[in-house]
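Undergrad: Just so it is clear, I am handing over work_15.cif, which has mmCIF, C-alpha atoms and all ligand atoms.
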data_model
loop_
_atom_site.label_atom_id
_atom_site.label_comp_id
_atom_site.auth_asym_id
_atom_site.auth_seq_id
_atom_site.Cartn_x
_atom_site.Cartn_y
_atom_site.Cartn_z
CA MET A 246 -108.84 190.48 -66.97
CA PRO A 247 -107.04 193.51 -68.45
CA ALA A 248 -108.45 197.00 -68.01
CA ALA A 249 -108.12 199.68 -70.69
CA VAL A 250 -107.08 203.31 -70.75
CA ILE A 251 -108.17 205.39 -73.72
CA GLY A 252 -106.03 208.50 -74.12
CA GLY A 253 -107.41 211.64 -75.72
CA THR A 254 -105.60 214.65 -77.15
CA GLY A 255 -102.18 214.97 -75.51
CA ILE A 256 -102.08 211.41 -74.15
CA TYR A 257 -100.05 209.43 -76.65
CA SER A 258 -98.37 207.03 -74.23
CA LEU A 259 -98.70 206.07 -70.58
CA GLU A 260 -95.78 207.37 -68.58
CA GLY A 261 -94.03 204.52 -66.77
CA VAL A 262 -95.87 201.80 -68.69
CA GLU A 263 -93.87 199.74 -71.17
CA VAL A 264 -96.02 198.43 -74.01
CA ASP A 265 -96.01 196.21 -77.08
CA ALA A 266 -97.88 197.52 -80.13
CA LYS A 267 -100.54 195.18 -81.47
CA GLN A 268 -102.80 195.63 -84.50
CA VAL A 269 -106.13 193.97 -83.88
CA GLU A 270 -108.39 193.30 -86.83
CA ASN A 271 -112.10 192.63 -86.55
CA GLN A 272 -115.18 192.96 -88.75
CA TYR A 273 -115.20 196.74 -88.20
CA GLY A 274 -111.60 197.40 -89.20
CA ILE A 275 -108.18 197.64 -87.59
CA ALA A 276 -107.43 198.96 -84.11
CA GLN A 277 -103.96 200.00 -83.00
CA ILE A 278 -103.69 198.77 -79.43
CA TYR A 279 -100.80 198.89 -76.94
CA VAL A 280 -100.54 196.03 -74.47
CA GLY A 281 -98.74 196.67 -71.18
CA LYS A 282 -95.70 194.60 -70.21
CA GLY A 283 -94.20 193.42 -66.92
CA GLU A 284 -96.09 194.77 -63.90
CA HIS A 285 -98.53 196.45 -66.31
CA GLU A 286 -99.48 193.39 -68.35
CA ASP A 287 -103.09 193.87 -67.23
CA ILE A 288 -103.26 197.30 -68.92
CA ILE A 289 -104.42 197.87 -72.50
CA PHE A 290 -103.84 201.34 -73.95
CA LEU A 291 -105.36 203.03 -76.95
CA THR A 292 -104.56 206.55 -78.07
CA ARG A 293 -107.72 207.67 -79.80
CA HIS A 294 -106.27 210.04 -82.41
CA GLY A 295 -103.11 207.97 -83.05
CA THR A 296 -99.65 208.65 -81.66
CA ASP A 297 -99.19 211.42 -84.26
CA HIS A 298 -102.67 212.88 -83.68
CA SER A 299 -103.63 212.17 -87.29
CA THR A 300 -107.19 210.82 -86.90
CA PRO A 301 -109.88 213.51 -86.52
CA PRO A 302 -112.85 212.85 -84.20
CA HIS A 303 -115.35 211.97 -86.96
CA LYS A 304 -112.90 209.54 -88.64
CA ILE A 305 -112.04 207.49 -85.55
CA ASN A 306 -113.11 203.88 -85.99
CA TYR A 307 -114.88 203.71 -82.62
CA ARG A 308 -116.42 200.32 -83.30
CA ALA A 309 -113.14 198.66 -84.32
CA ASN A 310 -111.44 200.10 -81.21
CA ILE A 311 -114.12 199.03 -78.74
CA ARG A 312 -114.59 195.60 -80.33
CA ALA A 313 -110.80 195.05 -80.21
CA MET A 314 -110.75 195.80 -76.48
CA LYS A 315 -113.63 193.45 -75.84
CA ASP A 316 -111.87 190.70 -77.79
CA LEU A 317 -108.72 191.20 -75.70
CA GLY A 318 -110.78 190.48 -72.58
CA VAL A 319 -111.25 194.06 -71.36
CA GLN A 320 -114.18 194.48 -68.97
CA ARG A 321 -113.66 198.08 -67.92
CA ILE A 322 -112.36 201.21 -69.57
CA LEU A 323 -111.15 204.50 -68.15
CA SER A 324 -111.14 207.19 -70.80
CA THR A 325 -109.80 210.75 -71.05
CA TYR A 326 -111.07 213.71 -73.05
CA ALA A 327 -109.57 217.11 -73.75
CA VAL A 328 -112.50 219.51 -73.65
CA GLY A 329 -113.59 223.11 -73.60
CA SER A 330 -115.25 224.29 -70.40
CA ILE A 331 -118.75 225.76 -70.51
CA SER A 332 -119.05 226.23 -66.77
CA ALA A 333 -117.10 228.01 -64.04
CA ASP A 334 -117.53 224.85 -61.94
CA TYR A 335 -115.06 223.05 -64.23
CA PRO A 336 -111.98 225.28 -64.51
CA VAL A 337 -109.30 224.90 -67.14
CA SER A 338 -106.43 222.60 -66.04
CA GLU A 339 -108.55 220.82 -63.39
CA LEU A 340 -110.18 217.44 -63.95
CA ALA A 341 -113.89 216.78 -64.39
CA VAL A 342 -115.40 213.36 -63.72
CA LEU A 343 -118.12 212.73 -66.30
CA ARG A 344 -121.50 211.49 -65.10
CA ASP A 345 -123.75 212.22 -68.07
CA PHE A 346 -123.68 213.29 -71.71
CA LEU A 347 -125.60 215.15 -74.41
CA ASP A 348 -124.96 213.63 -77.82
CA PHE A 349 -124.94 215.95 -80.86
CA THR A 350 -122.79 213.72 -83.07
CA HIS A 351 -124.09 212.50 -86.41
CA GLY A 352 -122.96 210.42 -89.36
CA ARG A 353 -120.83 208.11 -87.22
CA ASN A 354 -121.05 204.33 -86.89
CA PHE A 355 -122.62 204.51 -83.47
CA THR A 356 -124.01 201.06 -82.68
CA PHE A 357 -123.18 197.36 -82.81
CA PHE A 358 -126.92 196.61 -83.01
CA ASP A 359 -127.46 197.48 -86.65
CA GLN A 360 -127.69 194.07 -88.29
CA ILE A 361 -131.22 193.21 -89.26
CA ASP A 362 -130.46 189.52 -88.82
CA GLU A 363 -129.28 189.95 -85.22
CA SER A 364 -131.34 190.57 -82.12
CA VAL A 365 -132.33 194.15 -81.35
CA GLY A 366 -130.41 195.63 -78.41
CA HIS A 367 -131.12 198.77 -76.40
CA VAL A 368 -128.49 199.69 -73.88
CA GLU A 369 -129.70 201.32 -70.69
CA MET A 370 -128.14 204.77 -70.13
CA SER A 371 -129.55 206.05 -66.82
CA GLN A 372 -126.03 205.84 -65.40
CA PRO A 373 -123.73 206.05 -68.42
CA PHE A 374 -120.47 206.15 -66.42
CA CYS A 375 -119.25 203.60 -63.86
CA SER A 376 -119.80 205.00 -60.36
CA VAL A 377 -117.13 202.79 -58.76
CA MET A 378 -114.23 204.06 -60.89
CA SER A 379 -115.69 207.61 -60.80
CA GLU A 380 -115.79 207.68 -56.98
CA CYS A 381 -112.26 206.29 -56.86
CA MET A 382 -111.00 209.12 -59.12
CA LEU A 383 -112.52 211.65 -56.73
CA GLN A 384 -110.94 209.99 -53.70
CA LEU A 385 -107.45 209.66 -55.18
CA GLY A 386 -107.13 213.06 -56.89
CA ALA A 387 -105.27 214.75 -54.03
CA LYS A 388 -102.75 211.87 -53.83
CA HIS A 389 -101.85 212.59 -57.46
CA ASP A 390 -101.79 216.34 -56.98
CA VAL A 391 -104.77 217.14 -59.23
CA LYS A 392 -108.07 218.84 -58.48
CA VAL A 393 -110.96 216.58 -59.48
CA HIS A 394 -114.52 217.92 -59.80
CA ASP A 395 -117.54 215.65 -59.86
CA GLY A 396 -120.77 215.64 -61.84
CA ALA A 397 -119.85 216.92 -65.28
CA THR A 398 -122.18 216.56 -68.25
CA TYR A 399 -120.24 216.18 -71.50
CA VAL A 400 -121.61 217.72 -74.68
CA ALA A 401 -120.45 215.68 -77.67
CA THR A 402 -120.28 217.69 -80.89
CA ASN A 403 -119.39 216.30 -84.29
CA GLY A 404 -116.45 218.60 -84.97
CA PRO A 405 -113.90 218.96 -86.26
CA ARG A 406 -114.83 222.63 -86.08
CA PHE A 407 -115.25 224.26 -82.70
CA GLU A 408 -118.61 225.66 -81.64
CA SER A 409 -120.14 229.09 -82.19
CA PRO A 410 -120.90 231.25 -79.14
CA ALA A 411 -124.66 230.72 -79.68
CA GLU A 412 -124.19 226.94 -79.68
CA ILE A 413 -122.25 227.17 -76.43
CA ARG A 414 -125.03 229.30 -74.89
CA MET A 415 -127.53 226.64 -75.96
CA TYR A 416 -125.43 223.78 -74.53
CA HIS A 417 -125.11 225.70 -71.27
CA GLN A 418 -128.88 226.15 -71.09
CA LEU A 419 -129.32 222.43 -71.73
CA GLY A 420 -127.14 221.59 -68.73
CA GLY A 421 -123.82 220.87 -70.45
CA HIS A 422 -120.61 221.58 -68.53
CA VAL A 423 -117.80 220.59 -70.89
CA VAL A 424 -117.70 220.18 -74.66
CA GLY A 425 -115.68 217.81 -76.80
CA MET A 426 -115.96 215.66 -79.91
CA THR A 427 -115.24 212.05 -79.00
CA CYS A 428 -117.05 210.72 -75.91
CA CYS A 429 -119.94 209.68 -78.15
CA PRO A 430 -120.27 207.05 -79.46
CA GLU A 431 -117.37 205.63 -77.38
CA VAL A 432 -119.27 205.47 -74.09
CA TYR A 433 -122.34 203.70 -75.41
CA LEU A 434 -120.48 201.36 -77.78
CA ALA A 435 -118.57 200.08 -74.74
CA ALA A 436 -121.87 199.68 -72.92
CA GLU A 437 -123.35 197.74 -75.82
CA LEU A 438 -120.55 195.20 -75.40
CA GLY A 439 -121.13 195.02 -71.65
CA MET A 440 -118.03 196.92 -70.51
CA SER A 441 -117.99 199.35 -67.57
CA PHE A 442 -116.80 202.78 -68.64
CA ALA A 443 -115.66 205.78 -66.60
CA ALA A 444 -114.28 209.03 -67.95
CA VAL A 445 -112.36 212.09 -66.96
CA ALA A 446 -112.26 215.33 -68.92
CA LEU A 447 -109.49 217.89 -68.87
CA PRO A 448 -110.64 221.38 -69.91
CA ILE A 449 -107.88 222.98 -72.00
CA ASN A 450 -109.80 226.15 -72.92
CA LEU A 451 -112.93 228.12 -72.18
CA ALA A 452 -115.55 227.35 -74.83
CA ALA A 453 -116.45 229.80 -77.60
CA GLY A 454 -117.87 233.12 -76.45
CA LEU A 455 -116.66 232.77 -72.87
CA GLU A 456 -113.59 234.80 -73.68
CA GLU A 457 -112.86 236.94 -76.71
CA LYS A 458 -111.07 234.20 -78.63
CA ILE A 459 -110.39 230.57 -77.76
CA THR A 460 -106.93 230.17 -76.29
CA LEU A 461 -105.61 226.76 -75.37
CA VAL A 462 -103.98 226.61 -71.97
CA GLY A 463 -100.18 226.61 -71.91
CA GLY A 464 -98.03 226.44 -68.80
CA ASN A 465 -98.34 223.42 -66.59
CA ILE A 466 -100.81 221.39 -68.68
CA SER A 467 -98.31 218.60 -69.39
CA GLN A 468 -97.82 218.20 -65.63
CA VAL A 469 -101.60 217.98 -65.18
CA ARG A 470 -101.79 215.38 -67.95
CA SER A 471 -99.07 213.32 -66.36
CA ASN A 472 -100.79 213.50 -62.95
CA MET A 473 -104.05 212.47 -64.63
CA VAL A 474 -102.36 209.39 -66.12
CA SER A 475 -100.89 208.33 -62.77
CA LEU A 476 -104.32 208.87 -61.19
CA MET A 477 -106.00 206.68 -63.81
CA LEU A 478 -103.50 203.85 -63.41
CA ASP A 479 -103.98 204.01 -59.64
CA VAL A 480 -107.78 203.90 -60.03
CA LEU A 481 -107.50 200.78 -62.19
CA ARG A 482 -105.22 199.20 -59.56
CA GLN A 483 -107.56 200.07 -56.66
CA THR A 484 -110.76 198.81 -58.28
CA THR A 485 -111.71 195.43 -59.70
CA ASP A 486 -113.81 194.13 -62.58
CA THR A 487 -116.33 192.63 -60.21
CA GLN A 488 -116.84 195.88 -58.26
CA CYS A 489 -117.67 197.74 -61.45
CA VAL A 490 -121.31 197.31 -62.36
CA PRO A 491 -121.66 196.42 -66.05
CA PRO A 492 -124.25 198.23 -68.17
CA VAL A 493 -127.66 196.68 -68.71
CA LEU A 494 -129.12 195.68 -72.07
CA LEU A 495 -132.88 195.92 -72.35
N1 LIG B 501 -114.86 222.47 -78.17
C1 LIG B 501 -114.89 221.21 -78.67
N2 LIG B 501 -113.90 220.34 -78.46
C2 LIG B 501 -112.85 220.75 -77.72
C3 LIG B 501 -112.77 222.04 -77.20
C4 LIG B 501 -113.84 222.95 -77.43
O1 LIG B 501 -113.85 224.12 -77.00
N3 LIG B 501 -111.60 222.13 -76.52
C5 LIG B 501 -111.00 220.91 -76.65
N4 LIG B 501 -111.75 220.07 -77.37
#
Show me, as structure tokens, the structure contained in the file I just sent.

TA:
Amino acid sequence: MPAAVIGGTGIYSLEGVEVDAKQVENQYGIAQIYVGKGEHEDIIFLTRHGTDHSTPPHKINYRANIRAMKDLGVQRILSTYAVGSISADYPVSELAVLRDFLDFTHGRNFTFFDQIDESVGHVEMSQPFCSVMSECMLQLGAKHDVKVHDGATYVATNGPRFESPAEIRMYHQLGGHVVGMTCCPEVYLAAELGMSFAAVALPINLAAGLEEKITLVGGNISQVRSNMVSLMLDVLRQTTDTQCVPPVLL
């Protein structure tokens, strides 16, 4: 079955992967999906904000995207997020494997279980991210010339504004390590449809209040992004659907 890569800010194509564009319509709307060709025909790609970065975090049709992947046969997803770092353990320009999240989003379509005439579903979230793909990212980082740190907790804010320094201090006290605007509801929508989901965050700035003014990293970030993409494709090659434990519905 195909596996999917979801690209965040800065990831608008997959280097080395030829694709066909495909619009997939479902009851939630339209998803713009890219289907790999040739040796990559088992890869599905979605660039979350659009190739021209025109869709803001709160306007992304998360349900249409995740449903489209499910309907194309995807059983596991590897997703990337550009984030701000709240913690010295997750430096700018180095990768952070997500293991947990704090969800502060609101006003989004965040569940597939909202029809009163369908059965009630509660997805289990004690391990929100797939440990098999996560471990593989940690093992293969050096091969792809990127530093990969384990154990990050992602704070999902609604955006599109950035945070205030007091909010960042609060998120830090709550145990957050990186902050972004899109991991929720993506991670738990995928779980609701029974797909394994792993994620890697790339800090592109220190969060508000950690330096005088937010500055986005320049320099070698495009090289880091490209290494991150080759790492993700390798992880999908080295792991299988059956190894990845699907989420549990209670
Ligand atoms: N905050 C929220 N989202 C972000 C940030 C940030 O500092 N950097 C990149 N995405």

Undergrad: Could you list, as a PyMOL selection string, all protein and nucleic acid residues with an atom at most 6 Å from ligand LIG 501 (chain B), counting only C-alpha atoms and all ligand atoms?

TA: chain A and resi 327-329+407+424-426+449-450+452

Undergrad: Could you work out how far CA of Glu437 (chain A) lies from CA of Phe355 (chain A), giving the answer in Å with one decimal?

TA: 10.2 Å

Undergrad: Could you list, with a cut-off of 8 Å and counting all atoms listed in the file, the residues of region 263-371 of chain A near region 386-393 of chain A, each shown with its nearest atom pair and the distance in Å rounded to one decimal, rows sorted by chain and ascending number, as a Markdown table?

TA:
| residue | atom | partner | partner_atom | distance |
| --- | --- | --- | --- | --- |
| A:Glu339 | CA | A:Lys392 | CA | 5.3 |
| A:Leu340 | CA | A:Val393 | CA | 4.6 |
| A:Ala341 | CA | A:Val393 | CA | 5.7 |
| A:Val342 | CA | A:Val393 | CA | 6.9 |

Undergrad: Find the distance between CA of Leu434 (chain A) and CA of Arg312 (chain A) and write it in Å to one decimal.

TA: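 About the pair CA of Leu434 (chain A) and CA of Arg312 (chain A): they are 8.6 Å apart.
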
Undergrad: Rounded to one decimal in Å, what is the spacing between CA of Arg406 (chain A) and CA of Thr254 (chain A)?

TA: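 Spanning CA of Arg406 (chain A) to CA of Thr254 (chain A) is a straight-line distance of 15.1 Å.
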
Undergrad: Ranking A:Gln468, A:Ser409, A:Thr485, A:Ser371 by minimum distance to Ile256 (chain A) and counting all atoms listed in the file, which one comes first?

TA: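 Closest candidate: A:Gln468.
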
Undergrad: (-119.1, 215.3, -83.3) in this file's frame - what residues fall within 12 Å of it? Use all atoms listed in the file and give the answer as a PyMOL selection string.

TA: chain A and resi 301-305+347-355+399-408+424-431

Undergrad: Quick one: residues within 8 Å of Arg321 (chain A), all atoms listed in the file, excluding same-chain residues fewer than 3 positions away - as a PDB file with C-alpha atoms, in the coordinates of the input?

TA:
ATOM      1  CA  ALA A 248    -108.450 197.000 -68.010  1.00  0.00           C
ATOM      2  CA  ALA A 249    -108.120 199.680 -70.690  1.00  0.00           C
ATOM      3  CA  MET A 440    -118.030 196.920 -70.510  1.00  0.00           C
ATOM      4  CA  SER A 441    -117.990 199.350 -67.570  1.00  0.00           C
ATOM      5  CA  PHE A 442    -116.800 202.780 -68.640  1.00  0.00           C
ATOM      6  CA  ASP A 486    -113.810 194.130 -62.580  1.00  0.00           C
ATOM      7  CA  CYS A 489    -117.670 197.740 -61.450  1.00  0.00           C
TER       8      CYS A 489
END

Undergrad: Write out as a PyMOL selection string each polymer residue whose atoms come within 6 Å of Val280 (chain A), counting all atoms listed in the file; drop sequence neighbours fewer than 2 positions from it.

TA: chain A and resi 264-265+289
